[in-house]
$ cat query-v7.txt   # compact mmCIF, C-alpha atoms
# COMPACT_ATOMS: atom_id res chain seq x y z
CA MET O 41 36.94 26.68 -63.51
CA TYR O 42 33.14 26.53 -63.52
CA GLN O 43 33.10 26.47 -67.33
CA ARG O 44 35.64 23.64 -67.38
CA ALA O 45 33.63 21.70 -64.80
CA LEU O 46 30.42 22.34 -66.73
CA ASN O 47 31.84 21.02 -69.98
CA ALA O 48 33.11 17.89 -68.25
CA LYS O 49 29.82 17.22 -66.46
CA LYS O 50 27.78 17.73 -69.63
CA LYS O 51 29.92 15.14 -71.38
CA ALA O 52 29.90 12.63 -68.52
CA LEU O 53 26.40 13.08 -67.06
CA GLY O 54 24.31 14.97 -69.60
CA PRO O 55 22.98 18.54 -69.59
CA ASP O 56 20.02 17.88 -67.27
CA HIS O 57 21.79 15.96 -64.52
CA THR O 58 21.51 17.73 -61.16
CA LEU O 59 25.29 17.92 -60.78
CA THR O 60 25.55 19.61 -64.16
CA LEU O 61 22.75 22.02 -63.29
CA ARG O 62 24.38 22.94 -59.97
CA THR O 63 27.44 24.10 -61.88
CA VAL O 64 25.20 26.05 -64.28
CA ASN O 65 23.64 27.81 -61.27
CA ASN O 66 27.06 28.58 -59.81
CA LEU O 67 28.22 29.97 -63.15
CA GLY O 68 25.18 32.24 -63.03
CA ASN O 69 26.25 33.48 -59.61
CA LEU O 70 29.74 34.18 -60.94
CA TYR O 71 28.39 36.18 -63.86
CA ALA O 72 26.10 38.11 -61.49
CA ASP O 73 29.08 38.96 -59.27
CA GLN O 74 30.92 40.16 -62.40
CA SER O 75 27.88 42.30 -63.38
CA LYS O 76 27.42 40.21 -66.52
CA LEU O 77 23.70 40.17 -65.84
CA ASP O 78 22.48 38.92 -69.22
CA LYS O 79 24.82 35.94 -69.03
CA ALA O 80 23.77 35.32 -65.43
CA GLU O 81 20.10 35.30 -66.42
CA GLN O 82 20.84 32.85 -69.22
CA MET O 83 22.56 30.47 -66.77
CA TYR O 84 19.81 30.71 -64.15
CA GLN O 85 17.10 30.07 -66.72
CA LEU O 86 19.06 27.11 -68.08
CA ALA O 87 19.42 25.66 -64.59
CA LEU O 88 15.78 26.29 -63.76
CA ASN O 89 14.51 24.65 -66.95
CA GLY O 90 16.71 21.64 -66.26
CA TYR O 91 15.51 21.31 -62.68
CA LYS O 92 11.89 21.43 -63.89
CA LYS O 93 12.56 18.32 -65.99
CA SER O 94 14.32 16.28 -63.30
CA LEU O 95 13.05 17.54 -59.93
CA GLU O 96 9.85 18.51 -58.16
CA PRO O 97 8.92 22.22 -58.41
CA ASP O 98 9.47 22.68 -54.65
CA HIS O 99 12.82 20.89 -54.53
CA ILE O 100 15.43 22.90 -52.67
CA LEU O 101 17.72 23.14 -55.72
CA THR O 102 14.90 24.53 -57.85
CA LEU O 103 13.94 27.05 -55.18
CA ARG O 104 17.50 28.30 -54.74
CA THR O 105 17.75 29.07 -58.44
CA VAL O 106 14.34 30.78 -58.32
CA ASN O 107 15.61 32.95 -55.44
CA ASN O 108 18.80 33.71 -57.37
CA LEU O 109 16.70 34.84 -60.33
CA GLY O 110 14.84 37.13 -57.95
CA ASN O 111 18.14 38.67 -56.87
CA LEU O 112 19.17 39.10 -60.49
CA TYR O 113 15.90 40.72 -61.56
CA ARG O 114 16.16 43.11 -58.60
CA SER O 115 19.67 44.07 -59.73
CA GLN O 116 18.32 44.68 -63.24
CA GLY O 117 15.49 46.85 -61.91
CA LYS O 118 12.86 44.31 -63.03
CA LEU O 119 11.03 44.62 -59.73
CA ASP O 120 7.76 42.93 -60.69
CA GLU O 121 9.62 39.89 -62.04
CA ALA O 122 11.79 39.84 -58.91
CA GLU O 123 8.73 39.85 -56.68
CA LYS O 124 7.26 36.89 -58.56
CA MET O 125 10.47 34.92 -58.10
CA TYR O 126 10.79 35.73 -54.41
CA GLN O 127 7.14 34.89 -53.75
CA ARG O 128 7.51 31.60 -55.60
CA ALA O 129 10.68 30.75 -53.67
CA LEU O 130 9.08 31.74 -50.36
CA GLU O 131 6.01 29.57 -50.91
CA GLY O 132 8.21 26.63 -51.83
CA TYR O 133 10.55 27.07 -48.87
CA GLU O 134 7.66 27.36 -46.43
CA LYS O 135 6.15 24.18 -47.82
CA THR O 136 9.37 22.18 -48.01
CA LEU O 137 11.49 23.53 -45.12
CA GLY O 138 9.07 25.41 -42.86
CA PRO O 139 8.62 29.08 -41.98
CA ASP O 140 11.65 29.35 -39.68
CA HIS O 141 14.32 27.74 -41.86
CA THR O 142 17.22 30.01 -42.72
CA SER O 143 16.57 29.69 -46.47
CA THR O 144 12.99 30.81 -45.90
CA LEU O 145 14.18 33.73 -43.80
CA ASP O 146 16.76 34.76 -46.40
CA THR O 147 14.03 35.09 -49.01
CA ILE O 148 11.81 37.00 -46.56
CA ASN O 149 14.67 39.46 -46.00
CA ASN O 150 15.17 39.78 -49.77
CA LEU O 151 11.46 40.50 -50.17
CA GLY O 152 11.86 43.28 -47.62
CA LEU O 153 14.65 44.82 -49.69
CA LEU O 154 12.50 44.55 -52.80
CA TYR O 155 9.50 46.21 -51.15
CA VAL O 156 11.74 49.11 -50.16
CA ASP O 157 12.78 49.45 -53.82
CA GLN O 158 9.08 49.46 -54.75
CA GLY O 159 8.24 52.05 -52.09
CA LYS O 160 6.04 49.56 -50.21
CA LEU O 161 7.51 50.47 -46.83
CA ASP O 162 4.78 48.94 -44.65
CA LYS O 163 5.20 45.60 -46.41
CA ALA O 164 8.97 45.92 -46.12
CA GLU O 165 8.73 46.45 -42.37
CA LYS O 166 6.59 43.32 -41.97
CA MET O 167 9.13 41.28 -43.93
CA TYR O 168 12.09 42.62 -41.95
CA GLN O 169 10.37 42.03 -38.62
CA ARG O 170 9.49 38.49 -39.63
CA ALA O 171 13.03 37.82 -40.83
CA LEU O 172 14.48 39.33 -37.65
CA ASN O 173 12.30 37.29 -35.32
CA GLY O 174 13.12 34.10 -37.18
CA ARG O 175 16.85 34.76 -37.40
CA GLU O 176 17.11 35.64 -33.72
CA LYS O 177 15.48 32.31 -32.93
CA ALA O 178 17.42 30.22 -35.45
CA LEU O 179 20.84 31.93 -35.44
CA GLY O 180 21.04 34.13 -32.35
CA PRO O 181 21.00 37.92 -31.96
CA ASP O 182 24.67 38.49 -32.90
CA HIS O 183 24.79 36.39 -36.07
CA THR O 184 25.73 38.50 -39.08
CA SER O 185 22.51 37.58 -40.90
CA THR O 186 20.46 38.73 -37.91
CA LEU O 187 22.45 41.95 -37.68
CA GLY O 188 22.00 42.56 -41.40
CA THR O 189 18.25 42.60 -40.93
CA VAL O 190 18.62 44.90 -37.90
CA ASN O 191 20.62 47.28 -40.08
CA ASN O 192 18.01 47.08 -42.84
CA LEU O 193 15.28 47.93 -40.35
CA GLY O 194 17.32 50.98 -39.35
CA ILE O 195 17.44 52.13 -42.97
CA LEU O 196 13.71 51.59 -43.32
CA TYR O 197 12.93 53.60 -40.18
CA ALA O 198 15.20 56.38 -41.40
CA ASP O 199 13.32 56.43 -44.71
CA GLN O 200 10.07 56.67 -42.74
CA SER O 201 11.51 59.55 -40.63
CA LYS O 202 11.29 57.36 -37.51
CA LEU O 203 14.72 58.61 -36.49
CA ASP O 204 14.75 57.41 -32.88
CA ALA O 205 13.75 53.90 -33.95
CA ALA O 206 16.40 54.00 -36.68
CA GLU O 207 19.07 55.02 -34.17
CA GLU O 208 18.08 52.13 -31.89
CA MET O 209 18.45 49.64 -34.76
CA TYR O 210 21.80 51.04 -35.91
CA GLN O 211 23.21 50.98 -32.39
CA LEU O 212 22.05 47.40 -31.96
CA ALA O 213 23.60 46.37 -35.27
CA LEU O 214 26.82 48.24 -34.54
CA ASN O 215 27.27 46.66 -31.11
CA GLY O 216 26.68 43.23 -32.60
CA TYR O 217 29.08 43.71 -35.49
CA GLU O 218 31.81 45.07 -33.21
CA ASN O 219 31.42 42.08 -30.89
CA THR O 220 31.29 39.53 -33.69
CA LEU O 221 33.50 40.95 -36.45
CA GLY O 222 35.55 43.69 -34.82
CA PRO O 223 35.60 47.48 -35.30
CA ASP O 224 37.26 47.54 -38.73
CA HIS O 225 35.16 45.01 -40.63
CA THR O 226 33.31 46.34 -43.69
CA LEU O 227 29.87 45.55 -42.21
CA THR O 228 30.79 47.33 -39.00
CA LEU O 229 32.01 50.40 -40.90
CA ASN O 230 28.92 50.44 -43.13
CA THR O 231 26.76 50.63 -40.01
CA VAL O 232 29.00 53.36 -38.55
CA ASN O 233 28.41 55.28 -41.77
CA ASN O 234 24.65 54.71 -41.59
CA LEU O 235 24.57 55.90 -38.00
CA GLY O 236 26.62 58.97 -38.90
CA LEU O 237 24.22 59.88 -41.70
CA LEU O 238 21.35 59.51 -39.27
CA TYR O 239 23.04 61.85 -36.80
CA VAL O 240 23.37 64.43 -39.58
CA ASP O 241 19.63 64.13 -40.26
CA GLN O 242 18.98 64.54 -36.53
CA GLY O 243 21.23 67.60 -36.33
CA LYS O 244 23.68 65.79 -34.02
CA LEU O 245 26.76 66.98 -35.89
CA ASP O 246 29.28 66.26 -33.12
CA GLU O 247 28.12 62.63 -32.94
CA ALA O 248 28.21 62.42 -36.74
CA SER O 249 31.80 63.66 -36.80
CA ALA O 250 32.81 61.19 -34.11
CA GLY O 251 31.19 58.40 -36.12
CA ARG O 252 33.46 59.10 -39.09
CA VAL O 253 30.85 59.47 -41.84
CA ARG O 254 32.59 58.72 -45.13
CA GLU O 255 33.19 61.95 -47.00
CA GLY O 256 30.77 62.42 -49.87
CA SER O 257 28.56 59.52 -48.82
CA ARG O 258 24.85 60.26 -48.63
CA SER O 259 23.33 56.81 -49.10
CA TYR O 260 22.56 54.18 -46.50
CA THR O 261 24.04 50.72 -47.05
CA SER O 262 21.74 47.68 -46.93
CA HIS O 263 23.01 44.24 -45.93
CA TYR O 264 21.73 40.98 -47.36
CA LEU O 265 22.98 37.55 -48.29
CA CYS O 266 24.51 36.61 -51.61
CA SER O 267 22.96 34.21 -54.08
CA CYS O 268 23.13 30.52 -53.23
CA ASN O 269 25.93 28.38 -54.64
CA GLU O 270 25.41 24.64 -55.04
CA HIS O 271 28.05 22.14 -53.99
CA GLY O 272 28.81 19.03 -55.95
$ encode --input "query-v7.txt" --output "structure tokens"
Amino acid sequence: MYQRALNAKKKALGPDHTLTLRTVNNLGNLYADQSKLDKAEQMYQLALNGYKKSLEPDHILTLRTVNNLGNLYRSQGKLDEAEKMYQRALEGYEKTLGPDHTSTLDTINNLGLLYVDQGKLDKAEKMYQRALNGREKALGPDHTSTLGTVNNLGILYADQSKLDAAEEMYQLALNGYENTLGPDHTLTLNTVNNLGLLYVDQGKLDEASAGRVREGSRSYTSHYLCSCNEHG
């Protein structure tokens, strides 16, 4: 459907019209979801080059595609390129939307995930704390985006062997997910799994068994938002 819409918009509006470029961005998101990462990169770069011609560098549409490229580069393991994209998006969002806008906070959270991948755990903690404080203020403590950052902080603390702090974060995330989404939602169960793995590390095997750790699972699950689609 995106390809059909793209062909029609190119013919009617031209390749560099913002409505055409929004569909290009969305096609990039689709390819990323399908793990067609080279095609996704091609679409994002096409959208970004088009936005550069028709919009200001800090326009929200440009910045969303920059952030999406950051997500893609992180998925490809191109961590330095991802950091450049996230930093560029963050600077633009702060300038255009302010430090507490949800788009700004999403990129801050993504930077936290990236810093974990890079082993920069102190930087990651600062990003997560900043994202958490902003999301609690903007969205409330039980919003799924807020809880995702709480969960990510739990993973970070576990990686740092701060097991009590990790347990506190997981319990907070779990209570929020159960209240908001119910006990059987995927995000709830991911946090149950994370908490169970933590109990194993703490030697609390009875609690781990009660928490239903998924058999064979030995990796914590991070939560973060998907790439941004454009409407229109």
$ closest_atom_pairs --input "query-v7.txt" --of "range 91-114 of chain O" --to "range 149-156 of chain O" --cutoff "12 Å" --atoms "all atoms listed in the file" --output "JSON lines"
{"residue": "O:Asn107", "atom": "CA", "partner": "O:Asn150", "partner_atom": "CA", "distance": 8.9}
{"residue": "O:Asn108", "atom": "CA", "partner": "O:Asn150", "partner_atom": "CA", "distance": 10.4}
{"residue": "O:Leu109", "atom": "CA", "partner": "O:Asn150", "partner_atom": "CA", "distance": 11.8}
{"residue": "O:Gly110", "atom": "CA", "partner": "O:Asn150", "partner_atom": "CA", "distance": 8.6}
{"residue": "O:Asn111", "atom": "CA", "partner": "O:Asn150", "partner_atom": "CA", "distance": 7.8}
{"residue": "O:Leu112", "atom": "CA", "partner": "O:Asn150", "partner_atom": "CA", "distance": 11.5}
{"residue": "O:Tyr113", "atom": "CA", "partner": "O:Leu154", "partner_atom": "CA", "distance": 10.1}
{"residue": "O:Arg114", "atom": "CA", "partner": "O:Leu154", "partner_atom": "CA", "distance": 7.0}
$ residues_around --input "query-v7.txt" --residues "Leu179 in chain O" --least-positions-apart "6" --cutoff "9 Å" --atoms "only C-alpha atoms" --output "list in words"
Thr142, Ser185 and Thr186 of chain O
$ closest_residue --input "query-v7.txt" --among "O:Val232, O:Ala45, O:Leu196, O:Met125" --to "Thr102 in chain O" --atoms "all atoms listed in the file"
O:Met125
$ closest_residue --input "query-v7.txt" --among "O:Thr184, O:Lys163, O:Asp246, O:Gly138" --to "Gly222 in chain O" --atoms "all atoms listed in the file"
O:Thr184
$ atom_distance --input "query-v7.txt" --atom1 "CA of Glu165 in chain O" --atom2 "CA of Ala206 in chain O"
12.2 Å
$ residues_around --input "query-v7.txt" --residues "Glu207 in chain O" --least-positions-apart "6" --cutoff "9 Å" --atoms "only C-alpha atoms" --output "PDB file with C-alpha atoms, in the frame of the given file"
ATOM      1  CA  GLY O 194      17.320  50.980 -39.350  1.00  0.00           C
ATOM      2  CA  TYR O 197      12.930  53.600 -40.180  1.00  0.00           C
ATOM      3  CA  ALA O 198      15.200  56.380 -41.400  1.00  0.00           C
ATOM      4  CA  LEU O 235      24.570  55.900 -38.000  1.00  0.00           C
ATOM      5  CA  LEU O 238      21.350  59.510 -39.270  1.00  0.00           C
ATOM      6  CA  TYR O 239      23.040  61.850 -36.800  1.00  0.00           C
TER       7      TYR O 239
END
$ closest_residue --input "query-v7.txt" --among "O:Leu61, O:Leu119, O:Leu161, O:Leu103" --to "Thr144 in chain O" --atoms "all atoms listed in the file"
O:Leu103
$ atom_distance --input "query-v7.txt" --atom1 "CA of Asn69 in chain O" --atom2 "CA of Gly54 in chain O"
21.1 Å
$ atom_distance --input "query-v7.txt" --atom1 "CA of Ala72 in chain O" --atom2 "CA of Ser115 in chain O"
8.9 Å
$ closest_residue --input "query-v7.txt" --among "O:Arg62, O:Tyr217, O:Lys118, O:Lys51" --to "Leu77 in chain O" --atoms "all atoms listed in the file"
O:Lys118
$ residues_around --input "query-v7.txt" --residues "range 172-176 of chain O" --least-positions-apart "3" --cutoff "12 Å" --atoms "all atoms listed in the file" --output "VMD selection string"
chain O and resid 138 to 149 152 165 to 169 179 to 193 209 213
